[in-house]
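Trainee: Quick one: this structure, given as structure tokens, is what I'll be asking you about.
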Amino acid sequence: MKKSTLLFLVFAATLTLHAQWTDNAAQNTFIANASADGGEVYLATDQVTGDTYVQWCQMRTNGWVPTLQRLDFEGVPQWDANGITITGQQLATWSQGVAMAATNNGGVVTCFSNEAGQCIAVRINADGSFPWGEQGLVLFDGQGGSRTELMAGDDGGVWALGADYDNTYLCHIDANGTLSPTITISDNSGKSCVFGLMVPGIDNSVFVVYEKETWAYTYYYEKEIWVVGYTREGVQIGPEVQLMSAQTIGGSYVHYVVPDGTGGGYAYIWHPAIGNAFNTYVFHFDHNGHSTISDLNGISVHSQDPANFYLDAYATVDPESHDLIIAYEQTDAATQSQDRIYMNRITATGEKVWGEGLLVADYTGVDYSEVKVDAFEDGSGFAVIYMQDNLLMAKGFDMDGNLLWNTEMCSNNSNKAFCENSTGFHLGQNVVAWVNTTSGGIYGQNIAPDGKMGPVELPEPCYPPEQFEGSYIYNGEDQTFGALLSWLMPETTPLHYNLYVVQPNGCTTTIEVEPTENTYYDEMTLIGTVIYQLTAVYEDCESDYALTPDGENFVSIEVTGIDESIADEIVTVVRIFTMNGQSLKTNDIHTLSNGVYILQGLMQDGRMACKKMVVDK
């Protein structure tokens with residue numbers, strides 16, 4: 001055998017062992033070994049690295065248990081081909097509900113009920129280690145074993161939610177595994193508070209959207225939807241608020257939630273209680289937990305239509321307008337055999353932007369299922385992913401509902417146990433996964449906002465500035481005043497900085513600062529509080545707001561219009577700034593040309609002060 005041929009075979013074998021995202025719809029990307037009866041596939045993506053965690057359940061010696069695999073951004077599995085199986089607990093042989101969330105400090109938490117009816121949380125680091133132990137943590141003081149939910153916090157920890165047949169239980173788990181006291185959500189009128197879901201509030205708070213229900217008759221319950229918020233310290237955020245009035249519906253028809261990106265969220269549910277035909281109804285609450293849709297029946301995605309059902313919905317939120325983008329199936333009421341997929345855009349006040357909805361996929365004699373919809377990160381559009389019989393299809397749309405592209409993501413006609421959720425678009429790609437229930441194995445596929453599959457170039461990190469600070473400056477000579485702002489430059493030089501300013505009168509302005517500057521002087525004319533926020537703008541992104549040394553994402557300056565800081569003269573000049581905030585290389589005032597400058601220096605008593613100086617030689 002020729003040496004070149006041998007090298008080629010070795011290279012091919014290496015590629016087989018180390019897969020990456022493929023653009024071949026007939027092949028897709030192998031993720032891990034799984035039995036053909038595996039299911040309950042969940043995904044979560046590390047928003048910093050782009051790594052994707054995939055979790056599925058299958059029968060093991062210790063019951064129906066979660067197994068996990070980690071993929072890097074390129075789609076290469078990082079753990080053993082069999083994944084990491086939760087072996088520290090004995091589980092039931094049926095599903096009691098599982099959850100998973102990727103933390104923001106490089107790990108994943110899985111949560112499930114064990115055979116004893118306890119809610120268990122297990123953390124797995126990116127290297128496959130178990131920092132909370134393989135037994136995990138028992139949550140809610142041993143209560144709430146019927147189902148679990150998880151939501152990543154902004155501090156490396158997670159919020160956990162559990163329920164039994166009467167109450168819902170909530171707690172926060174710190175990154176080190178410390179549990180906060182359990183919060184019990186209950187009703188003193190005898191109604192059960194069950195099936196809670198979470199969305200993030202402001203400052204690491206959480207809103208729980210849950211159902212209050214009472215038994216009506218066989219398989220039917222009278223259900224209401226409520227929302228209540230809590231801080232990390234367990235303080236309730238205002239009163240609980242009713243989103244949906246009582247509806248007598250089947251017990252299996254439950255609600256779903258999605259955060260709105262501003263500290264509130266949307267809830268939606270499909271049921272046949274209104275008009276005796278299935279429809280999907282939408283609700284919204286703001287960052288205070290207040291309902292913004294006055295109709296407690298919700299806003300239906302389509303007018304009442306006895307000839308058709310509108311159900312099996314899945315939703316996302318546009319990051320720019322914060323409108324809900326919801327995709328759903330239409331099927332005829334008579335035979336339930338004529339499937340179509342529609343989508344609608346609904347505002348926080350309940351306006352249906354697209355009226356009776358826009359058609360995504362028309363009836364062609366095939367079945368549609370497993371509909372997913374995810375917004376592009378830049379707010380320019382969204383993708384709808386769905387099963388067409390056993391084929392996997394995706395369509396991209398702009399925010400006016402115009403078709404951008406149509407991609408076949410999987411042409412393999414094998415039966416699939418499809419994922420319960422998609423990852424959403426992060427760092428330029430979205431990921432879905434499934435168990436091949438014909439032959440076994442778990443597979444996945446990525447797709448970019450342009451509809452292309454396969455390798456995606458990891459974008460440059462969108463680093464924010466750091467150590468954002470500011471101080472009030474007054475010049476007694478001409479009675480002018482302003483704010484001197486400073487920051488540390490990010491690791492990567494941006495195109496420019498955006499300085500967002502909220503004036504005392506409520507007016508907002510945006511100031512563009514050169515990328516080489518790390519200070520800015522803002523001369524003011526109004527008295528009151530001025531709020532500053534700072535971002536770095538790159539070619540493909542704008543960073544998060546810069547944080548102060550105290551962890552705030554803004555600088556607040558109290559403007560009084562009087563000299564509050566100094567009466568003595570500066571005796572030692574430390575730095576000299578121009579009026580636009582540029583720091584000069586010299587601190588010798590005698591070398592300055594004519595102009596107006598800000599001196600930063602030490603006074604006689606050692607205090608630091610700033611003072612305006614006019615040079616007129």
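Quick note on naming: the chains in the structure tokens go A, B, ... in the order shown, residues restart at 1 in each chain, and ligands are numbered from 1 in order of appearance.
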If you count only C-alpha atoms, which residues fall within 9 Å of Leu296 (chain A), apart from same-chain ones fewer than 2 positions away, as a list in words?
Mentor: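 Everything that qualifies: Gln242, Leu243, Met244, Ser245, Ala246, Phe283, Ile293, Ser294, Gly298 and Ile299 of chain A.
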Trainee: For the residues selected in the previous step, produce a file with C-alpha atoms as a PDB file, in the first residue's frame.
Mentor:
```
ATOM      1  CA  GLN A 242     -54.270  36.048  36.930  1.00  0.00           C
ATOM      2  CA  LEU A 243     -53.496  35.737  33.217  1.00  0.00           C
ATOM      3  CA  MET A 244     -56.197  33.287  32.098  1.00  0.00           C
ATOM      4  CA  SER A 245     -59.725  32.897  33.427  1.00  0.00           C
ATOM      5  CA  ALA A 246     -61.039  29.465  34.374  1.00  0.00           C
ATOM      6  CA  PHE A 283     -51.135  36.082  27.279  1.00  0.00           C
ATOM      7  CA  ILE A 293     -53.679  41.895  27.801  1.00  0.00           C
ATOM      8  CA  SER A 294     -56.978  42.787  29.416  1.00  0.00           C
ATOM      9  CA  GLY A 298     -56.275  35.621  25.894  1.00  0.00           C
ATOM     10  CA  ILE A 299     -55.659  36.521  22.264  1.00  0.00           C
TER      11      ILE A 299
END
```
Trainee: Taking 5 positions as the minimum chain separation for residues in the same chain, which residues sit within 6 Å of Ile598 (chain A) when counting only C-alpha atoms? Answer as a list in words.
Mentor: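 After dropping sequence-adjacent residues, the list is Ile576, Phe577, Lys611 and Lys612 of chain A.
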Trainee: Env of Thr508 (chain A): 10 Å cut, atoms = only C-alpha atoms, seq-sep filter 6 positions within chain, self excluded. Answer as a ChimeraX atom specification.
Mentor: /A:500-502,530-532
Trainee: Between A:Thr93, A:Thr492, A:Ser129, A:Ser192, which one has atoms that come closest to Ala536 (chain A), using only C-alpha atoms?
Mentor: A:Thr492
Trainee: Excluding Glu457 (chain A) and residues on its chain fewer than 6 positions from it, collect all residues at most 10 Å away from it, counting only C-alpha atoms, and give them as a list in words.
Mentor: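 Here the answer would be Phe73, Glu74, Leu427, Gly428 and Gln429 of chain A.
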Trainee: Which residues are near Thr529 (chain A)? Cut-off 12 Å, only C-alpha atoms, ignore same chain within fewer than 4 positions. Put them as a list in words.
Mentor: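 Counting only the stated atoms, we get Tyr472, Gly482, Ala483, Val501, Val502, Gln503, Pro504, Asn505, Gly506, Cys507, Met524, Thr525, Val555, Ser556, Ile557, Glu558, Val559, Thr560 and Gly561 of chain A.
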Trainee: Output N, CA and C atoms for every residue in the selection just made, as a short mmCIF file (atom, residue, chain, number, x, y, z; two decimals), in the first residue's frame.
Mentor:
```cif
data_model
loop_
_atom_site.label_atom_id
_atom_site.label_comp_id
_atom_site.auth_asym_id
_atom_site.auth_seq_id
_atom_site.Cartn_x
_atom_site.Cartn_y
_atom_site.Cartn_z
N TYR A 472 -18.56 63.57 39.06
CA TYR A 472 -19.10 64.90 38.78
C TYR A 472 -17.98 65.92 38.85
N GLY A 482 -20.02 69.00 34.55
CA GLY A 482 -20.21 67.84 33.69
C GLY A 482 -19.80 66.57 34.39
N ALA A 483 -19.70 65.50 33.61
CA ALA A 483 -19.31 64.19 34.13
C ALA A 483 -18.09 63.70 33.38
N VAL A 501 -27.03 57.96 27.03
CA VAL A 501 -27.22 58.97 28.07
C VAL A 501 -28.71 59.22 28.26
N VAL A 502 -29.16 59.14 29.50
CA VAL A 502 -30.53 59.51 29.85
C VAL A 502 -30.45 60.79 30.68
N GLN A 503 -30.95 61.90 30.13
CA GLN A 503 -30.89 63.20 30.77
C GLN A 503 -31.91 63.31 31.90
N PRO A 504 -31.75 64.30 32.79
CA PRO A 504 -32.73 64.47 33.88
C PRO A 504 -34.15 64.68 33.40
N ASN A 505 -34.32 65.21 32.19
CA ASN A 505 -35.67 65.43 31.67
C ASN A 505 -36.23 64.22 30.94
N GLY A 506 -35.49 63.10 30.95
CA GLY A 506 -35.95 61.87 30.33
C GLY A 506 -35.51 61.69 28.90
N CYS A 507 -34.95 62.72 28.28
CA CYS A 507 -34.47 62.59 26.91
C CYS A 507 -33.26 61.67 26.86
N MET A 524 -22.64 69.34 30.93
CA MET A 524 -24.08 69.31 31.13
C MET A 524 -24.64 70.71 31.32
N THR A 525 -25.93 70.81 31.11
CA THR A 525 -26.63 72.08 31.34
C THR A 525 -27.84 71.91 32.25
N VAL A 555 -23.81 53.99 35.16
CA VAL A 555 -23.22 54.98 36.06
C VAL A 555 -24.23 56.08 36.25
N SER A 556 -24.53 56.42 37.51
CA SER A 556 -25.48 57.47 37.83
C SER A 556 -24.71 58.67 38.39
N ILE A 557 -24.92 59.82 37.79
CA ILE A 557 -24.24 61.05 38.21
C ILE A 557 -25.30 62.05 38.69
N GLU A 558 -25.14 62.54 39.92
CA GLU A 558 -26.02 63.57 40.46
C GLU A 558 -25.46 64.94 40.11
N VAL A 559 -26.19 65.68 39.30
CA VAL A 559 -25.76 66.99 38.84
C VAL A 559 -26.45 68.06 39.67
N THR A 560 -25.67 68.87 40.38
CA THR A 560 -26.24 69.91 41.24
C THR A 560 -25.99 71.31 40.71
N GLY A 561 -24.98 71.45 39.85
CA GLY A 561 -24.66 72.78 39.34
C GLY A 561 -23.86 73.64 40.30
#
```
Trainee: Could you pull the residues within 7 Å of Gln388 (chain A), counting only C-alpha atoms, minus those fewer than 5 positions along the same chain, as a list of chain:residue names?
Mentor: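 What passes the distance filter is A:Val366, A:Asp367, A:Tyr368, A:Ser369, A:Met393.
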Trainee: Do a neighbour search on Gln135 (chain A) at 10 Å with only C-alpha atoms, toss out local chain neighbours closer than 5 positions, and write the hits as number ranges by chain.
Mentor: A: 86-90, 120-123, 130
Trainee: Those selected residues, please, written with all heavy atoms and delivered as a PDB file, in the first residue's frame.
Mentor:
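Result file is out.pdb:
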```pdb
ATOM      1  N   ILE A  86     -26.530   9.411  34.356  1.00  0.00           N
ATOM      2  CA  ILE A  86     -26.748   9.692  35.775  1.00  0.00           C
ATOM      3  C   ILE A  86     -26.957   8.356  36.497  1.00  0.00           C
ATOM      4  O   ILE A  86     -28.000   7.700  36.325  1.00  0.00           O
ATOM      5  CB  ILE A  86     -27.969  10.611  35.972  1.00  0.00           C
ATOM      6  CG1 ILE A  86     -27.812  11.889  35.144  1.00  0.00           C
ATOM      7  CG2 ILE A  86     -28.159  10.932  37.447  1.00  0.00           C
ATOM      8  CD1 ILE A  86     -26.582  12.703  35.463  1.00  0.00           C
ATOM      9  N   THR A  87     -25.960   7.928  37.232  1.00  0.00           N
ATOM     10  CA  THR A  87     -26.014   6.612  37.882  1.00  0.00           C
ATOM     11  C   THR A  87     -26.143   6.693  39.398  1.00  0.00           C
ATOM     12  O   THR A  87     -26.289   5.674  40.055  1.00  0.00           O
ATOM     13  CB  THR A  87     -24.742   5.805  37.550  1.00  0.00           C
ATOM     14  OG1 THR A  87     -23.587   6.528  38.026  1.00  0.00           O
ATOM     15  CG2 THR A  87     -24.624   5.579  36.059  1.00  0.00           C
ATOM     16  N   GLY A  88     -26.114   7.915  39.958  1.00  0.00           N
ATOM     17  CA  GLY A  88     -26.107   8.044  41.416  1.00  0.00           C
ATOM     18  C   GLY A  88     -27.464   7.905  42.061  1.00  0.00           C
ATOM     19  O   GLY A  88     -27.558   7.913  43.286  1.00  0.00           O
ATOM     20  N   GLN A  89     -28.516   7.805  41.267  1.00  0.00           N
ATOM     21  CA  GLN A  89     -29.868   7.708  41.807  1.00  0.00           C
ATOM     22  C   GLN A  89     -30.623   6.569  41.124  1.00  0.00           C
ATOM     23  O   GLN A  89     -30.375   6.247  39.969  1.00  0.00           O
ATOM     24  CB  GLN A  89     -30.635   9.020  41.577  1.00  0.00           C
ATOM     25  CG  GLN A  89     -30.100  10.207  42.337  1.00  0.00           C
ATOM     26  CD  GLN A  89     -30.531  10.200  43.799  1.00  0.00           C
ATOM     27  OE1 GLN A  89     -31.493   9.523  44.183  1.00  0.00           O
ATOM     28  NE2 GLN A  89     -29.822  10.958  44.619  1.00  0.00           N
ATOM     29  N   GLN A  90     -31.546   5.967  41.860  1.00  0.00           N
ATOM     30  CA  GLN A  90     -32.450   4.991  41.283  1.00  0.00           C
ATOM     31  C   GLN A  90     -33.698   5.735  40.809  1.00  0.00           C
ATOM     32  O   GLN A  90     -34.324   6.469  41.577  1.00  0.00           O
ATOM     33  CB  GLN A  90     -32.836   3.908  42.295  1.00  0.00           C
ATOM     34  CG  GLN A  90     -33.724   2.810  41.740  1.00  0.00           C
ATOM     35  CD  GLN A  90     -33.015   1.928  40.716  1.00  0.00           C
ATOM     36  OE1 GLN A  90     -31.823   1.670  40.835  1.00  0.00           O
ATOM     37  NE2 GLN A  90     -33.750   1.487  39.705  1.00  0.00           N
ATOM     38  N   ILE A 120     -34.139  15.872  42.241  1.00  0.00           N
ATOM     39  CA  ILE A 120     -32.687  15.804  42.351  1.00  0.00           C
ATOM     40  C   ILE A 120     -32.065  16.701  41.281  1.00  0.00           C
ATOM     41  O   ILE A 120     -32.484  16.681  40.121  1.00  0.00           O
ATOM     42  CB  ILE A 120     -32.175  14.361  42.170  1.00  0.00           C
ATOM     43  CG1 ILE A 120     -32.888  13.413  43.128  1.00  0.00           C
ATOM     44  CG2 ILE A 120     -30.668  14.302  42.341  1.00  0.00           C
ATOM     45  CD1 ILE A 120     -32.620  13.678  44.593  1.00  0.00           C
ATOM     46  N   ALA A 121     -31.064  17.476  41.661  1.00  0.00           N
ATOM     47  CA  ALA A 121     -30.310  18.307  40.712  1.00  0.00           C
ATOM     48  C   ALA A 121     -28.860  17.856  40.706  1.00  0.00           C
ATOM     49  O   ALA A 121     -28.234  17.732  41.765  1.00  0.00           O
ATOM     50  CB  ALA A 121     -30.402  19.782  41.081  1.00  0.00           C
ATOM     51  N   VAL A 122     -28.322  17.588  39.512  1.00  0.00           N
ATOM     52  CA  VAL A 122     -26.936  17.152  39.347  1.00  0.00           C
ATOM     53  C   VAL A 122     -26.246  18.127  38.396  1.00  0.00           C
ATOM     54  O   VAL A 122     -26.764  18.411  37.317  1.00  0.00           O
ATOM     55  CB  VAL A 122     -26.867  15.725  38.781  1.00  0.00           C
ATOM     56  CG1 VAL A 122     -25.411  15.310  38.548  1.00  0.00           C
ATOM     57  CG2 VAL A 122     -27.545  14.744  39.719  1.00  0.00           C
ATOM     58  N   ARG A 123     -25.094  18.624  38.813  1.00  0.00           N
ATOM     59  CA  ARG A 123     -24.310  19.510  37.943  1.00  0.00           C
ATOM     60  C   ARG A 123     -23.148  18.722  37.340  1.00  0.00           C
ATOM     61  O   ARG A 123     -22.487  17.935  38.036  1.00  0.00           O
ATOM     62  CB  ARG A 123     -23.771  20.714  38.707  1.00  0.00           C
ATOM     63  CG  ARG A 123     -22.906  21.639  37.840  1.00  0.00           C
ATOM     64  CD  ARG A 123     -22.288  22.776  38.639  1.00  0.00           C
ATOM     65  NE  ARG A 123     -21.288  23.464  37.835  1.00  0.00           N
ATOM     66  CZ  ARG A 123     -21.507  24.559  37.116  1.00  0.00           C
ATOM     67  NH1 ARG A 123     -22.705  25.096  37.121  1.00  0.00           N
ATOM     68  NH2 ARG A 123     -20.547  25.110  36.408  1.00  0.00           N
ATOM     69  N   PHE A 130     -18.386  15.970  38.431  1.00  0.00           N
ATOM     70  CA  PHE A 130     -19.629  16.218  39.157  1.00  0.00           C
ATOM     71  C   PHE A 130     -19.329  17.065  40.404  1.00  0.00           C
ATOM     72  O   PHE A 130     -19.079  16.509  41.480  1.00  0.00           O
ATOM     73  CB  PHE A 130     -20.279  14.902  39.595  1.00  0.00           C
ATOM     74  CG  PHE A 130     -20.804  14.055  38.470  1.00  0.00           C
ATOM     75  CD1 PHE A 130     -19.947  13.290  37.688  1.00  0.00           C
ATOM     76  CD2 PHE A 130     -22.155  14.012  38.192  1.00  0.00           C
ATOM     77  CE1 PHE A 130     -20.431  12.507  36.654  1.00  0.00           C
ATOM     78  CE2 PHE A 130     -22.657  13.229  37.166  1.00  0.00           C
ATOM     79  CZ  PHE A 130     -21.796  12.476  36.383  1.00  0.00           C
TER      80      PHE A 130
END
```
Trainee: Between region 303-402 of chain A and region 23-37 of chain A, at 12 Å or less, what are the per-residue closest atom pairs and their distances in Å? Count only C-alpha atoms, order by chain and rising residue number, and return it as a tab-separated table.
Mentor:
```
residue	atom	partner	partner_atom	distance
A:Leu391	CA	A:Ala25	CA	9.5
A:Leu392	CA	A:Ala25	CA	8.8
A:Met393	CA	A:Ala25	CA	10.0
A:Ala394	CA	A:Ala25	CA	11.7
```
